[in-house]
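Listing of upload-v2.pdb, PDB, C-alpha atoms
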```
MODEL        1
ATOM      1  CA  MET P   1      64.902  37.136 119.771
ATOM      2  CA  SER P   2      65.445  37.021 116.022
ATOM      3  CA  VAL P   3      66.479  33.836 114.242
ATOM      4  CA  GLN P   4      70.199  33.231 114.595
ATOM      5  CA  PHE P   5      72.489  30.436 113.493
ATOM      6  CA  ASN P   6      74.014  28.838 116.616
ATOM      7  CA  HIS P   7      76.122  25.787 115.695
ATOM      8  CA  THR P   8      76.714  23.024 113.205
ATOM      9  CA  ILE P   9      78.492  19.684 113.236
ATOM     10  CA  ILE P  10      81.252  19.163 110.684
ATOM     11  CA  ALA P  11      81.903  15.466 110.034
ATOM     12  CA  SER P  12      85.658  14.950 109.851
ATOM     13  CA  LYS P  13      88.142  12.169 109.242
ATOM     14  CA  ASP P  14      89.914  13.408 112.393
ATOM     15  CA  ALA P  15      88.016  16.022 114.417
ATOM     16  CA  ARG P  16      91.087  17.333 116.240
ATOM     17  CA  GLU P  17      93.131  17.712 113.031
ATOM     18  CA  SER P  18      90.324  19.516 111.213
ATOM     19  CA  ALA P  19      89.511  21.826 114.138
ATOM     20  CA  GLU P  20      93.164  22.738 114.630
ATOM     21  CA  PHE P  21      93.683  23.328 110.886
ATOM     22  CA  PHE P  22      90.690  25.660 110.716
ATOM     23  CA  ALA P  23      91.383  27.481 113.988
ATOM     24  CA  GLU P  24      95.060  28.028 113.243
ATOM     25  CA  LEU P  25      94.335  29.268 109.719
ATOM     26  CA  LEU P  26      91.886  31.925 110.941
ATOM     27  CA  ASP P  27      93.573  32.640 114.285
ATOM     28  CA  LEU P  28      90.743  31.200 116.392
ATOM     29  CA  GLU P  29      90.790  29.053 119.524
ATOM     30  CA  VAL P  30      90.048  25.342 119.700
ATOM     31  CA  GLY P  31      87.751  24.753 122.652
ATOM     32  CA  ALA P  32      87.726  21.923 125.155
ATOM     33  CA  PRO P  33      86.244  18.674 123.809
ATOM     34  CA  TRP P  34      82.592  18.161 124.634
ATOM     35  CA  GLY P  35      81.560  14.573 124.090
ATOM     36  CA  PRO P  36      82.624  13.658 120.562
ATOM     37  CA  PHE P  37      82.926  17.320 119.499
ATOM     38  CA  ILE P  38      85.929  19.615 119.157
ATOM     39  CA  PRO P  39      84.454  23.135 119.095
ATOM     40  CA  VAL P  40      85.742  26.241 117.364
ATOM     41  CA  VAL P  41      83.758  29.389 118.141
ATOM     42  CA  LEU P  42      83.578  32.119 115.501
ATOM     43  CA  ASP P  43      83.628  35.823 116.364
ATOM     44  CA  ASN P  44      79.831  36.066 116.026
ATOM     45  CA  GLY P  45      79.276  33.252 118.555
ATOM     46  CA  VAL P  46      78.513  30.487 116.047
ATOM     47  CA  THR P  47      80.193  27.220 117.016
ATOM     48  CA  LEU P  48      81.643  24.733 114.552
ATOM     49  CA  ASP P  49      81.584  21.351 116.265
ATOM     50  CA  PHE P  50      84.088  19.091 114.520
ATOM     51  CA  ALA P  51      83.305  15.397 115.007
ATOM     52  CA  THR P  52      85.137  12.337 113.755
ATOM     53  CA  ALA P  53      82.788  10.413 111.475
ATOM     54  CA  PRO P  54      82.398   6.912 112.940
ATOM     55  CA  ASP P  55      82.492   5.258 109.529
ATOM     56  CA  GLY P  56      85.096   7.624 108.071
ATOM     57  CA  ASN P  57      82.486   8.883 105.634
ATOM     58  CA  THR P  58      82.756  12.639 105.225
ATOM     59  CA  PRO P  59      80.568  13.674 102.275
ATOM     60  CA  LEU P  60      81.748  16.893 100.669
ATOM     61  CA  GLN P  61      80.301  19.997 102.276
ATOM     62  CA  HIS P  62      80.948  23.662 101.473
ATOM     63  CA  TYR P  63      81.601  26.224 104.197
ATOM     64  CA  ALA P  64      82.131  29.912 103.370
ATOM     65  CA  PHE P  65      83.386  32.494 105.857
ATOM     66  CA  LEU P  66      83.217  36.262 105.564
ATOM     67  CA  VAL P  67      86.440  37.675 107.013
ATOM     68  CA  SER P  68      88.176  41.036 107.288
ATOM     69  CA  GLU P  69      90.935  42.017 104.850
ATOM     70  CA  ASP P  70      93.549  41.530 107.594
ATOM     71  CA  VAL P  71      92.291  38.035 108.437
ATOM     72  CA  PHE P  72      92.147  37.140 104.740
ATOM     73  CA  ASP P  73      95.703  38.342 104.099
ATOM     74  CA  ALA P  74      97.095  36.435 107.100
ATOM     75  CA  ALA P  75      95.169  33.267 106.198
ATOM     76  CA  TYR P  76      96.138  33.480 102.530
ATOM     77  CA  LYS P  77      99.802  33.822 103.498
ATOM     78  CA  LYS P  78      99.488  30.623 105.568
ATOM     79  CA  ILE P  79      97.759  28.849 102.677
ATOM     80  CA  ALA P  80     100.501  29.890 100.258
ATOM     81  CA  ASP P  81     103.410  29.275 102.668
ATOM     82  CA  ARG P  82     102.139  25.775 103.471
ATOM     83  CA  ARG P  83     101.434  25.031  99.828
ATOM     84  CA  VAL P  84      97.790  24.250 100.562
ATOM     85  CA  GLU P  85      96.171  23.652  97.201
ATOM     86  CA  HIS P  86      93.776  26.521  96.500
ATOM     87  CA  TRP P  87      91.820  28.158  93.713
ATOM     88  CA  ALA P  88      90.309  31.505  92.810
ATOM     89  CA  ASP P  89      87.081  29.793  91.771
ATOM     90  CA  PRO P  90      84.859  26.923  92.961
ATOM     91  CA  HIS P  91      85.374  25.050  89.673
ATOM     92  CA  ARG P  92      89.142  24.874  90.297
ATOM     93  CA  ARG P  93      90.035  26.484  86.979
ATOM     94  CA  HIS P  94      92.421  29.029  88.508
ATOM     95  CA  PRO P  95      94.823  27.181  90.826
ATOM     96  CA  GLY P  96      97.229  29.039  93.093
ATOM     97  CA  GLU P  97      95.252  32.282  92.901
ATOM     98  CA  TYR P  98      92.580  34.200  94.769
ATOM     99  CA  ASN P  99      89.771  36.223  93.210
ATOM    100  CA  THR P 100      88.798  39.888  93.525
ATOM    101  CA  ASN P 101      85.071  39.414  92.983
ATOM    102  CA  ASP P 102      82.681  42.145  94.128
ATOM    103  CA  GLY P 103      85.607  44.398  95.051
ATOM    104  CA  GLY P 104      87.008  42.043  97.699
ATOM    105  CA  LYS P 105      89.166  38.936  97.878
ATOM    106  CA  GLY P 106      88.151  35.283  97.937
ATOM    107  CA  VAL P 107      89.804  31.868  97.853
ATOM    108  CA  TYR P 108      88.698  28.223  97.869
ATOM    109  CA  PHE P 109      90.659  25.360  99.468
ATOM    110  CA  LEU P 110      90.099  21.942 101.019
ATOM    111  CA  ASP P 111      90.333  21.162 104.724
ATOM    112  CA  PRO P 112      92.014  17.931 105.915
ATOM    113  CA  SER P 113      88.709  16.031 105.501
ATOM    114  CA  GLY P 114      88.188  17.262 101.948
ATOM    115  CA  HIS P 115      85.482  19.836 102.673
ATOM    116  CA  ALA P 116      85.389  22.792 100.286
ATOM    117  CA  MET P 117      86.239  25.853 102.353
ATOM    118  CA  GLU P 118      85.993  29.443 101.201
ATOM    119  CA  ILE P 119      87.060  32.710 102.757
ATOM    120  CA  LEU P 120      85.960  36.011 101.281
ATOM    121  CA  THR P 121      86.094  39.665 102.291
ATOM    122  CA  VAL P 122      82.962  40.928 100.530
ATOM    123  CA  PRO P 123      79.672  39.005 100.293
ATOM    124  CA  TYR P 124      78.449  37.859  96.888
ATOM    125  CA  GLY P 125      76.886  40.804  95.099
ATOM    126  CA  GLY P 126      78.794  43.288  97.252
ATOM    127  CA  TRP P 127      77.799  45.111 100.388
ATOM    128  CA  PRO P 128      74.172  46.304 100.498
ATOM    129  CA  LYS P 129      73.662  49.898  99.427
ATOM    130  CA  SER P 130      72.191  52.034 102.182
TER     131      SER P 130
ENDMDL
END
```

Using structure tokens, write down the structure that the file contains.
Amino acid sequence: MSVQFNHTIIASKDARESAEFFAELLDLEVGAPWGPFIPVVLDNGVTLDFATAPDGNTPLQHYAFLVSEDVFDAAYKKIADRRVEHWADPHRRHPGEYNTNDGGKGVYFLDPSGHAMEILTVPYGGWPKS
């Protein structure tokens, strides 16, 4: 077996709220709670285990997700319709916009716990040339 990423824990102010926000935005399912975790499984089998931080401390983390054009368009519509603050760049210099870097689309926004989330349709540097 090659090395594969399996799961990560995302410290949240409210695990259920964060998991539902993320899952609804990207049209994914929230799984059954397992101990303190609220899981959301991505299409490649990686699980995001949202957990409420016991001390309420949720240091800023960045999570970037490569998505299809259709998923991006649907998610961006939800972001815009719900007036979720978002930016075309990680430095927040271009509010209310998305970028077209590397021939795709990308946007940055915060989840309910304040984590910096990003969705993009083309990886940085573009798709590898074959």

inquiry  = Given the PyMOL selection byres ((chain P and resi 90-92) around 10) and the file above, list the residues it selects as a PyMOL selection string.
reply    = chain P and resi 62+85-89+93-97+107-109+116-118

Using C-alpha atoms, can you write the selected residues to a file as a PDB file, in the frame of the given file?
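Output (again14.pdb):
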```
ATOM      1  CA  HIS P  62      80.948  23.662 101.473  1.00  0.00           C
ATOM      2  CA  GLU P  85      96.171  23.652  97.201  1.00  0.00           C
ATOM      3  CA  HIS P  86      93.776  26.521  96.500  1.00  0.00           C
ATOM      4  CA  TRP P  87      91.820  28.158  93.713  1.00  0.00           C
ATOM      5  CA  ALA P  88      90.309  31.505  92.810  1.00  0.00           C
ATOM      6  CA  ASP P  89      87.081  29.793  91.771  1.00  0.00           C
ATOM      7  CA  ARG P  93      90.035  26.484  86.979  1.00  0.00           C
ATOM      8  CA  HIS P  94      92.421  29.029  88.508  1.00  0.00           C
ATOM      9  CA  PRO P  95      94.823  27.181  90.826  1.00  0.00           C
ATOM     10  CA  GLY P  96      97.229  29.039  93.093  1.00  0.00           C
ATOM     11  CA  GLU P  97      95.252  32.282  92.901  1.00  0.00           C
ATOM     12  CA  VAL P 107      89.804  31.868  97.853  1.00  0.00           C
ATOM     13  CA  TYR P 108      88.698  28.223  97.869  1.00  0.00           C
ATOM     14  CA  PHE P 109      90.659  25.360  99.468  1.00  0.00           C
ATOM     15  CA  ALA P 116      85.389  22.792 100.286  1.00  0.00           C
ATOM     16  CA  MET P 117      86.239  25.853 102.353  1.00  0.00           C
ATOM     17  CA  GLU P 118      85.993  29.443 101.201  1.00  0.00           C
TER      18      GLU P 118
END
```

request  = Might you spell out which residues the PyMOL selection byres ((chain P and resi 2-18) around 6) would select in the displayed file, as a PyMOL selection string?
outcome  = chain P and resi 1+19-21+46-53+56+58+112-113

message = Under the rule that all atoms listed in the file are counted, which of P:Val30, P:Val122, P:Leu60, P:Leu25 is the nearest residue to Arg82 of chain P?
response =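 So, comparing all the options, the nearest one is P:Leu25.
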
task = Enumerate, as a count of residues only, the residues matched when the PyMOL selection byres ((chain P and resi 124) around 8) is run on the file above.
result = 6

ask   = Quick one: residues within 12 Å of Ala74 of chain P, all atoms listed in the file counted, chain neighbours fewer than 5 positions away excluded, as a PyMOL selection string?
value = chain P and resi 24-27+67-69+79-81+119

request  = For each of P:Val71, P:Ala32, P:Leu66, P:Leu110, take the minimum atom-to-atom distance to Arg83 of chain P, counting all atoms listed in the file, then give the residue where this is smallest.
outcome  = P:Leu110

query = What does the distance from atom CA of Lys78 of chain P to atom CA of Pro39 of chain P come to in Å, to one decimal?
reply =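 Atom CA of Pro39 of chain P lies at a distance of 21.6 Å from atom CA of Lys78 of chain P.
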
key: Option closest in space to Asn99 of chain P, from P:Pro54, P:Thr121, P:Ser130, P:Asp111 [counting all atoms listed in the file]   =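 Closest to Asn99 of chain P of all the choices is P:Thr121.
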
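Nearest to Thr100 of chain P of all the residues P:Gln61, P:Gly114, P:Leu120, P:Trp127 is P:Leu120, based on only C-alpha atoms.
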
Could you add whatever atoms are missing so that segment 49-60 of chain P carries all heavy atoms, then write the result as a PDB file, in the frame of the given file?
```
ATOM      1  N   ASP P  49      81.277  22.531 115.465  1.00  0.00           N
ATOM      2  CA  ASP P  49      81.584  21.351 116.265  1.00  0.00           C
ATOM      3  C   ASP P  49      82.135  20.267 115.339  1.00  0.00           C
ATOM      4  O   ASP P  49      81.380  19.610 114.624  1.00  0.00           O
ATOM      5  CB  ASP P  49      80.329  20.840 116.981  1.00  0.00           C
ATOM      6  CG  ASP P  49      79.869  21.784 118.073  1.00  0.00           C
ATOM      7  OD1 ASP P  49      80.727  22.296 118.802  1.00  0.00           O
ATOM      8  OD2 ASP P  49      78.651  21.996 118.189  1.00  0.00           O
ATOM      9  N   PHE P  50      83.458  20.112 115.347  1.00  0.00           N
ATOM     10  CA  PHE P  50      84.088  19.091 114.520  1.00  0.00           C
ATOM     11  C   PHE P  50      83.926  17.742 115.220  1.00  0.00           C
ATOM     12  O   PHE P  50      84.149  17.633 116.430  1.00  0.00           O
ATOM     13  CB  PHE P  50      85.565  19.424 114.311  1.00  0.00           C
ATOM     14  CG  PHE P  50      85.775  20.633 113.445  1.00  0.00           C
ATOM     15  CD1 PHE P  50      85.777  21.911 113.992  1.00  0.00           C
ATOM     16  CD2 PHE P  50      85.954  20.496 112.076  1.00  0.00           C
ATOM     17  CE1 PHE P  50      85.966  23.034 113.202  1.00  0.00           C
ATOM     18  CE2 PHE P  50      86.130  21.618 111.266  1.00  0.00           C
ATOM     19  CZ  PHE P  50      86.139  22.888 111.831  1.00  0.00           C
ATOM     20  N   ALA P  51      83.516  16.735 114.460  1.00  0.00           N
ATOM     21  CA  ALA P  51      83.305  15.397 115.007  1.00  0.00           C
ATOM     22  C   ALA P  51      83.886  14.373 114.037  1.00  0.00           C
ATOM     23  O   ALA P  51      83.684  14.478 112.825  1.00  0.00           O
ATOM     24  CB  ALA P  51      81.817  15.123 115.219  1.00  0.00           C
ATOM     25  N   THR P  52      84.605  13.405 114.585  1.00  0.00           N
ATOM     26  CA  THR P  52      85.137  12.337 113.755  1.00  0.00           C
ATOM     27  C   THR P  52      83.988  11.442 113.318  1.00  0.00           C
ATOM     28  O   THR P  52      83.242  10.939 114.156  1.00  0.00           O
ATOM     29  CB  THR P  52      86.202  11.532 114.522  1.00  0.00           C
ATOM     30  OG1 THR P  52      87.255  12.423 114.911  1.00  0.00           O
ATOM     31  CG2 THR P  52      86.761  10.404 113.669  1.00  0.00           C
ATOM     32  N   ALA P  53      83.856  11.263 112.011  1.00  0.00           N
ATOM     33  CA  ALA P  53      82.788  10.413 111.475  1.00  0.00           C
ATOM     34  C   ALA P  53      83.078   8.966 111.844  1.00  0.00           C
ATOM     35  O   ALA P  53      84.172   8.479 111.571  1.00  0.00           O
ATOM     36  CB  ALA P  53      82.694  10.573 109.968  1.00  0.00           C
ATOM     37  N   PRO P  54      82.131   8.276 112.478  1.00  0.00           N
ATOM     38  CA  PRO P  54      82.398   6.912 112.940  1.00  0.00           C
ATOM     39  C   PRO P  54      82.749   5.940 111.826  1.00  0.00           C
ATOM     40  O   PRO P  54      83.533   5.025 112.022  1.00  0.00           O
ATOM     41  CB  PRO P  54      81.103   6.493 113.637  1.00  0.00           C
ATOM     42  CG  PRO P  54      80.087   7.494 113.261  1.00  0.00           C
ATOM     43  CD  PRO P  54      80.791   8.720 112.786  1.00  0.00           C
ATOM     44  N   ASP P  55      82.209   6.171 110.638  1.00  0.00           N
ATOM     45  CA  ASP P  55      82.492   5.258 109.529  1.00  0.00           C
ATOM     46  C   ASP P  55      83.533   5.827 108.569  1.00  0.00           C
ATOM     47  O   ASP P  55      83.792   5.264 107.518  1.00  0.00           O
ATOM     48  CB  ASP P  55      81.211   4.928 108.759  1.00  0.00           C
ATOM     49  CG  ASP P  55      80.534   6.167 108.188  1.00  0.00           C
ATOM     50  OD1 ASP P  55      81.062   7.284 108.353  1.00  0.00           O
ATOM     51  OD2 ASP P  55      79.468   6.016 107.563  1.00  0.00           O
ATOM     52  N   GLY P  56      84.110   6.985 108.929  1.00  0.00           N
ATOM     53  CA  GLY P  56      85.096   7.624 108.071  1.00  0.00           C
ATOM     54  C   GLY P  56      84.494   8.320 106.873  1.00  0.00           C
ATOM     55  O   GLY P  56      85.196   8.907 106.065  1.00  0.00           O
ATOM     56  N   ASN P  57      83.170   8.276 106.766  1.00  0.00           N
ATOM     57  CA  ASN P  57      82.486   8.883 105.634  1.00  0.00           C
ATOM     58  C   ASN P  57      82.282  10.377 105.894  1.00  0.00           C
ATOM     59  O   ASN P  57      81.573  10.754 106.818  1.00  0.00           O
ATOM     60  CB  ASN P  57      81.140   8.187 105.401  1.00  0.00           C
ATOM     61  CG  ASN P  57      80.433   8.710 104.177  1.00  0.00           C
ATOM     62  OD1 ASN P  57      81.031   9.353 103.331  1.00  0.00           O
ATOM     63  ND2 ASN P  57      79.147   8.426 104.092  1.00  0.00           N
ATOM     64  N   THR P  58      82.911  11.191 105.098  1.00  0.00           N
ATOM     65  CA  THR P  58      82.756  12.639 105.225  1.00  0.00           C
ATOM     66  C   THR P  58      82.328  13.202 103.875  1.00  0.00           C
ATOM     67  O   THR P  58      83.158  13.652 103.081  1.00  0.00           O
ATOM     68  CB  THR P  58      84.061  13.312 105.695  1.00  0.00           C
ATOM     69  OG1 THR P  58      85.112  12.980 104.787  1.00  0.00           O
ATOM     70  CG2 THR P  58      84.442  12.882 107.091  1.00  0.00           C
ATOM     71  N   PRO P  59      81.024  13.157 103.574  1.00  0.00           N
ATOM     72  CA  PRO P  59      80.568  13.674 102.275  1.00  0.00           C
ATOM     73  C   PRO P  59      80.945  15.149 102.146  1.00  0.00           C
ATOM     74  O   PRO P  59      80.914  15.900 103.122  1.00  0.00           O
ATOM     75  CB  PRO P  59      79.057  13.481 102.312  1.00  0.00           C
ATOM     76  CG  PRO P  59      78.703  13.256 103.735  1.00  0.00           C
ATOM     77  CD  PRO P  59      79.926  12.743 104.421  1.00  0.00           C
ATOM     78  N   LEU P  60      81.315  15.526 100.938  1.00  0.00           N
ATOM     79  CA  LEU P  60      81.748  16.893 100.669  1.00  0.00           C
ATOM     80  C   LEU P  60      80.697  17.907 101.108  1.00  0.00           C
ATOM     81  O   LEU P  60      79.524  17.791 100.754  1.00  0.00           O
ATOM     82  CB  LEU P  60      82.031  17.066  99.174  1.00  0.00           C
ATOM     83  CG  LEU P  60      82.353  18.488  98.740  1.00  0.00           C
ATOM     84  CD1 LEU P  60      83.711  18.913  99.283  1.00  0.00           C
ATOM     85  CD2 LEU P  60      82.319  18.601  97.232  1.00  0.00           C
TER      86      LEU P  60
END
```
